[in-house]
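J.: The file below is query_8.txt, compact mmCIF, C-alpha atoms:
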```txt
# COMPACT_ATOMS: atom_id res chain seq x y z
CA MET H 12 233.54 66.47 86.78
CA GLN H 13 236.33 67.88 84.63
CA SER H 14 235.97 71.47 83.51
CA ASN H 15 235.91 72.48 79.85
CA ASN H 16 239.29 74.14 80.39
CA GLY H 17 240.67 70.85 81.69
CA ILE H 18 239.32 68.96 78.70
CA THR H 19 240.82 71.51 76.33
CA HIS H 20 244.18 71.27 78.08
CA ASP H 21 244.18 67.46 77.89
CA THR H 22 243.21 67.55 74.23
CA ARG H 23 245.99 69.97 73.38
CA ALA H 24 248.51 67.91 75.32
CA SER H 25 247.43 64.78 73.44
CA GLU H 26 247.69 66.54 70.09
CA THR H 27 251.14 67.85 71.00
CA ARG H 28 252.36 64.39 71.98
CA HIS H 29 250.92 62.93 68.78
CA SER H 30 252.83 65.51 66.74
CA GLN H 31 256.04 64.85 68.65
CA VAL H 32 255.86 61.09 68.13
CA TYR H 33 254.92 61.55 64.49
CA ASP H 34 257.95 63.80 63.94
CA GLU H 35 260.25 61.37 65.79
CA LEU H 36 259.16 58.32 63.80
CA ARG H 37 259.08 60.17 60.50
CA SER H 38 262.64 61.42 61.09
CA LEU H 39 263.74 57.92 62.03
CA LEU H 40 262.28 56.49 58.83
CA LEU H 41 263.77 59.22 56.65
CA SER H 42 267.20 58.76 58.24
CA GLY H 43 267.48 55.40 56.49
CA SER H 44 268.54 53.64 59.68
CA ILE H 45 265.78 51.03 59.31
CA GLU H 46 266.01 48.49 56.50
CA PRO H 47 263.24 48.45 53.88
CA ASN H 48 260.44 45.95 54.54
CA THR H 49 261.25 45.77 58.27
CA ARG H 50 258.30 44.78 60.45
CA LEU H 51 257.50 47.29 63.21
CA THR H 52 255.14 46.27 66.00
CA GLU H 53 252.82 48.68 67.74
CA ALA H 54 253.82 47.29 71.14
CA ASP H 55 257.56 47.78 70.56
CA LEU H 56 257.08 51.30 69.22
CA THR H 57 254.80 52.21 72.12
CA ARG H 58 257.49 51.19 74.61
CA MET H 59 260.25 52.92 72.63
CA CYS H 60 258.39 56.23 72.46
CA ASN H 61 256.75 55.94 75.89
CA VAL H 62 253.25 56.77 74.66
CA SER H 63 249.83 55.17 74.85
CA ARG H 64 248.90 52.53 72.30
CA GLY H 65 246.10 54.78 71.11
CA THR H 66 248.52 57.58 70.31
CA MET H 67 250.93 55.21 68.58
CA ARG H 68 248.12 53.63 66.56
CA ALA H 69 247.03 57.05 65.32
CA VAL H 70 250.61 57.96 64.37
CA LEU H 71 251.10 54.69 62.47
CA VAL H 72 247.83 55.17 60.59
CA ARG H 73 248.99 58.63 59.56
CA LEU H 74 252.43 57.43 58.45
CA ALA H 75 250.88 54.58 56.47
CA HIS H 76 248.43 56.97 54.83
CA GLU H 77 251.33 59.23 53.81
CA GLY H 78 253.25 56.30 52.33
CA TYR H 79 256.08 55.89 54.82
CA LEU H 80 254.79 52.51 55.99
CA THR H 81 252.62 49.69 54.70
CA SER H 82 250.08 48.17 57.06
CA GLU H 83 249.27 44.49 57.50
CA VAL H 84 246.04 43.29 59.11
CA ASN H 85 246.76 42.02 62.63
CA ARG H 86 250.50 42.11 61.95
CA GLY H 87 251.48 45.72 62.51
CA VAL H 88 253.30 47.70 59.85
CA ARG H 89 256.39 47.43 57.67
CA THR H 90 258.78 50.01 56.33
CA ARG H 91 257.95 50.84 52.75
CA ILE H 92 259.50 49.17 49.72
CA PHE H 93 259.30 50.61 46.20
CA SER H 94 259.19 49.07 42.78
CA PRO H 95 261.81 50.36 40.33
CA GLU H 96 259.06 52.25 38.48
CA GLU H 97 257.85 53.94 41.68
CA ALA H 98 261.41 54.82 42.61
CA LYS H 99 262.12 56.40 39.21
CA ASP H 100 258.94 58.49 39.39
CA ILE H 101 259.80 59.80 42.85
CA LEU H 102 263.38 60.62 41.93
CA GLU H 103 262.34 62.40 38.74
CA ALA H 104 259.88 64.49 40.76
CA ARG H 105 262.64 65.30 43.23
CA GLU H 106 264.86 66.49 40.39
CA THR H 107 262.16 68.86 39.13
CA LEU H 108 261.15 70.24 42.52
CA GLU H 109 264.58 70.61 44.05
CA SER H 110 266.07 72.32 41.03
CA ALA H 111 263.18 74.81 41.14
CA LEU H 112 263.85 75.42 44.83
CA ALA H 113 267.54 76.08 44.13
CA GLY H 114 266.57 78.64 41.50
CA LYS H 115 264.31 80.41 43.98
CA ALA H 116 267.05 80.31 46.61
CA ALA H 117 269.32 82.18 44.20
CA GLU H 118 266.68 84.90 44.02
CA ARG H 119 265.56 85.01 47.65
CA ALA H 120 268.24 83.70 50.03
CA THR H 121 269.23 86.12 52.77
CA GLU H 122 272.86 86.82 53.62
CA ASP H 123 272.45 84.85 56.85
CA GLU H 124 271.13 81.86 54.91
CA ILE H 125 274.06 82.05 52.51
CA ARG H 126 276.46 82.10 55.47
CA GLU H 127 274.76 79.00 56.85
CA LEU H 128 275.11 77.23 53.51
CA ARG H 129 278.82 78.14 53.41
CA ALA H 130 279.27 76.80 56.95
CA THR H 131 277.59 73.53 56.01
CA LEU H 132 279.88 73.08 53.02
CA GLU H 133 282.90 73.74 55.22
CA ALA H 134 281.69 71.05 57.64
CA MET H 135 281.18 68.65 54.71
CA ALA H 136 284.71 69.37 53.46
CA ASP H 137 286.07 68.61 56.91
CA ALA H 138 284.06 65.39 57.12
CA ARG H 139 285.33 64.31 53.71
CA ALA H 140 288.93 64.99 54.73
CA ARG H 141 288.43 62.86 57.85
CA ASN H 142 286.62 60.16 55.85
CA ASP H 143 283.68 60.55 58.21
CA GLN H 144 280.85 59.26 56.05
CA ALA H 145 278.14 59.77 58.67
CA ALA H 146 279.09 63.42 59.22
CA TYR H 147 279.27 64.02 55.46
CA SER H 148 275.79 62.52 54.96
CA GLN H 149 274.42 64.64 57.80
CA GLY H 150 275.90 67.75 56.21
CA ASN H 151 274.51 66.76 52.84
CA ARG H 152 270.98 66.47 54.24
CA ARG H 153 271.37 69.80 56.07
CA PHE H 154 272.56 71.54 52.89
CA HIS H 155 269.52 70.42 50.91
CA GLN H 156 267.16 71.46 53.71
CA GLN H 157 268.86 74.85 53.88
CA VAL H 158 268.43 75.37 50.14
CA LYS H 159 264.74 74.53 50.49
CA ALA H 160 264.35 77.03 53.34
CA ALA H 161 266.29 79.73 51.47
CA ALA H 162 263.90 79.44 48.52
CA HIS H 163 261.07 80.95 50.59
CA GLN H 164 258.58 79.15 48.37
CA ALA H 165 256.05 77.38 50.58
CA THR H 166 254.11 75.59 47.83
CA LEU H 167 257.22 74.04 46.30
CA ALA H 168 258.52 73.15 49.77
CA ARG H 169 255.30 71.36 50.70
CA ALA H 170 255.38 69.34 47.50
CA TYR H 171 259.05 68.50 48.08
CA ASP H 172 258.34 67.36 51.64
CA THR H 173 255.79 64.80 50.44
CA LEU H 174 258.42 62.96 48.39
CA LEU H 175 259.74 59.75 49.90
CA TYR H 176 263.07 59.90 48.12
CA PRO H 177 265.23 59.24 51.23
CA LEU H 178 263.49 55.85 51.51
CA VAL H 179 264.10 55.20 47.82
CA MET H 180 267.76 56.16 48.19
CA ARG H 181 268.06 53.81 51.17
CA GLN H 182 266.53 50.89 49.27
CA TYR H 183 268.41 51.28 46.00
CA ARG H 184 271.78 52.68 47.03
CA ASN H 185 274.85 50.90 45.75
CA VAL H 186 276.49 49.73 48.98
CA SER H 187 279.72 48.83 47.19
CA ALA H 188 280.15 52.32 45.73
CA GLN H 189 282.41 54.98 47.20
CA HIS H 190 280.78 57.39 49.63
CA PRO H 191 280.62 60.28 49.25
CA ARG H 192 280.20 59.77 45.54
CA THR H 193 283.02 61.19 43.43
CA GLY H 194 282.13 64.72 42.42
CA SER H 195 279.39 65.11 45.03
CA PHE H 196 281.14 67.83 47.02
CA GLU H 197 282.07 69.81 43.92
CA GLU H 198 278.43 69.64 42.78
CA HIS H 199 277.36 71.19 46.07
CA GLN H 200 279.93 73.95 45.57
CA THR H 201 278.47 74.69 42.13
CA ILE H 202 274.96 74.89 43.54
CA LEU H 203 276.12 77.33 46.20
CA LEU H 204 277.96 79.41 43.61
CA GLY H 205 274.74 79.83 41.65
CA ILE H 206 272.95 80.96 44.81
CA VAL H 207 275.73 83.31 45.95
CA THR H 208 275.97 84.97 42.53
CA ARG H 209 272.18 85.36 42.39
CA ASN H 210 272.01 83.34 39.19
CA PRO H 211 268.75 81.33 39.22
CA GLU H 212 269.47 79.57 35.91
CA ALA H 213 272.90 78.40 37.11
CA ALA H 214 271.58 77.27 40.50
CA THR H 215 268.69 75.41 38.86
CA ALA H 216 270.98 73.66 36.37
CA ALA H 217 273.54 72.78 39.05
CA MET H 218 270.91 71.23 41.32
CA ARG H 219 269.30 69.34 38.44
CA HIS H 220 272.69 67.91 37.46
CA HIS H 221 273.48 66.98 41.06
CA VAL H 222 270.19 65.19 41.72
CA ALA H 223 270.21 63.45 38.33
CA THR H 224 273.77 62.21 38.90
CA ALA H 225 272.81 60.86 42.33
CA ARG H 226 269.80 59.13 40.75
CA HIS H 227 271.94 57.47 38.07
CA ALA H 228 274.27 56.14 40.76
CA LEU H 229 271.47 54.05 42.28
CA VAL H 230 270.88 50.40 41.38
CA LEU H 231 267.38 50.66 39.89
CA GLY H 232 267.66 47.69 37.56
```
Before anything else, please render the file you have as structure tokens.
T.:
Amino acid sequence: MQSNNGITHDTRASETRHSQVYDELRSLLLSGSIEPNTRLTEADLTRMCNVSRGTMRAVLVRLAHEGYLTSEVNRGVRTRIFSPEEAKDILEARETLESALAGKAAERATEDEIRELRATLEAMADARARNDQAAYSQGNRRFHQQVKAAAHQATLARAYDTLLYPLVMRQYRNVSAQHPRTGSFEEHQTILLGIVTRNPEAATAAMRHHVATARHALVLG
């Protein structure tokens, strides 16, 4: 008979593995590497992540509940697709939340966090000079996450994290357009300037302009 301590240990291990797989799949979906409306089977994902089907089923239910996936009876799940109206709502919410986070970052960012933001912009400049689109995109995502962290505003951050805008961007991006978008790097510089100079109004306005410009570049119909 297994002891209570053994049961507790097994339960914690299962919960940890569930969280790990959830984080892995969520990151994969948000990376945009999977096309919208792609069918994902429980069996394939179970093998890929090397977990039990029970664990994978629980993770997929959670991701579907949070809007990352859509479920089909007896047919697994598909990556989410958005109507133009849904996409516009999500992107407008992103504009509001992220500009507020930038304003808070201007008030609350530590010197270490500002140094990290500077380093990210330097890496983005290098990627742009080398025409390394993947590295530039990675730096772009890191910059926005760093601004969110530097805001030290947990309620805004939680609301921001529920947005599915990376999936919207993946679905509606203009594949024929230049990447990075013209002016994108300079917009990041302006955001950082607002944070460095401790000017919340400037940082808020710069982020709002940046996100709105990115939204207008999408093909929303």
J.: Per residue of region 98-186 of chain H within 9 Å of region 39-55 of chain H, which atom pair is closest and at what distance in Å (one decimal), using all atoms listed in the file, listed by chain and increasing number, as JSON lines?
T.:
```
{"residue": "H:Leu175", "atom": "CA", "partner": "H:Leu41", "partner_atom": "CA", "distance": 7.9}
{"residue": "H:Tyr176", "atom": "CA", "partner": "H:Leu41", "partner_atom": "CA", "distance": 8.6}
{"residue": "H:Pro177", "atom": "CA", "partner": "H:Leu41", "partner_atom": "CA", "distance": 5.6}
{"residue": "H:Leu178", "atom": "CA", "partner": "H:Leu41", "partner_atom": "CA", "distance": 6.2}
{"residue": "H:Met180", "atom": "CA", "partner": "H:Gly43", "partner_atom": "CA", "distance": 8.3}
{"residue": "H:Arg181", "atom": "CA", "partner": "H:Gly43", "partner_atom": "CA", "distance": 5.6}
{"residue": "H:Gln182", "atom": "CA", "partner": "H:Pro47", "partner_atom": "CA", "distance": 6.2}
```
J.: Tell me which of H:Met67, H:Val62, H:Leu108, H:Ala228 sits closest to His155 (chain H), counting all atoms listed in the file.
T.: H:Leu108
J.: Using all atoms listed in the file, which residues sit within 12 Å of region 124-128 of chain H once same-chain residues fewer than 6 positions away are excluded, as a PyMOL selection string?
T.: chain H and resi 116-118+134-135+150-163+199-200+202-209
J.: Which residue gives the smallest distance to Tyr171 (chain H) among H:Leu71, H:Leu229, H:Leu102, H:Ala145, with only C-alpha atoms counted?
T.: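 Among H:Leu71, H:Leu229, H:Leu102, H:Ala145, it is H:Leu102 that comes nearest to Tyr171 (chain H).
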J.: So what do you get for CA of Asp172 (chain H) versus CA of Glu103 (chain H), distance-wise?
T.: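 These atoms are spaced 14.4 Å apart.
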J.: Choose the residue, out of H:Arg219, H:Leu167, H:His190, H:Val179, that has the smallest atom-to-atom separation from Pro95 (chain H); count only C-alpha atoms.
T.: H:Val179
J.: Please, what distance in Å, to one decimal, runs between CA of Thr166 (chain H) and CA of Gln149 (chain H)?
T.: 25.1 Å
J.: Name the closest residue to Phe196 (chain H) among the candidates H:Ala140, H:Leu80, H:Leu174, H:Ala165; distances are taken between atoms, counting only C-alpha atoms.
T.: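 For Phe196 (chain H), the nearest of the given residues is H:Ala140.
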J.: Edge lengths and centre, in Å to one decimal, as JSON: that's what I need for the box along x, y and z that holds all listed atoms of region 108-122 of chain H plus 4 Å on each side.
T.:
```
{"center_x": 267.0, "center_y": 78.5, "center_z": 47.3, "size_x": 19.7, "size_y": 24.6, "size_z": 20.6}
```
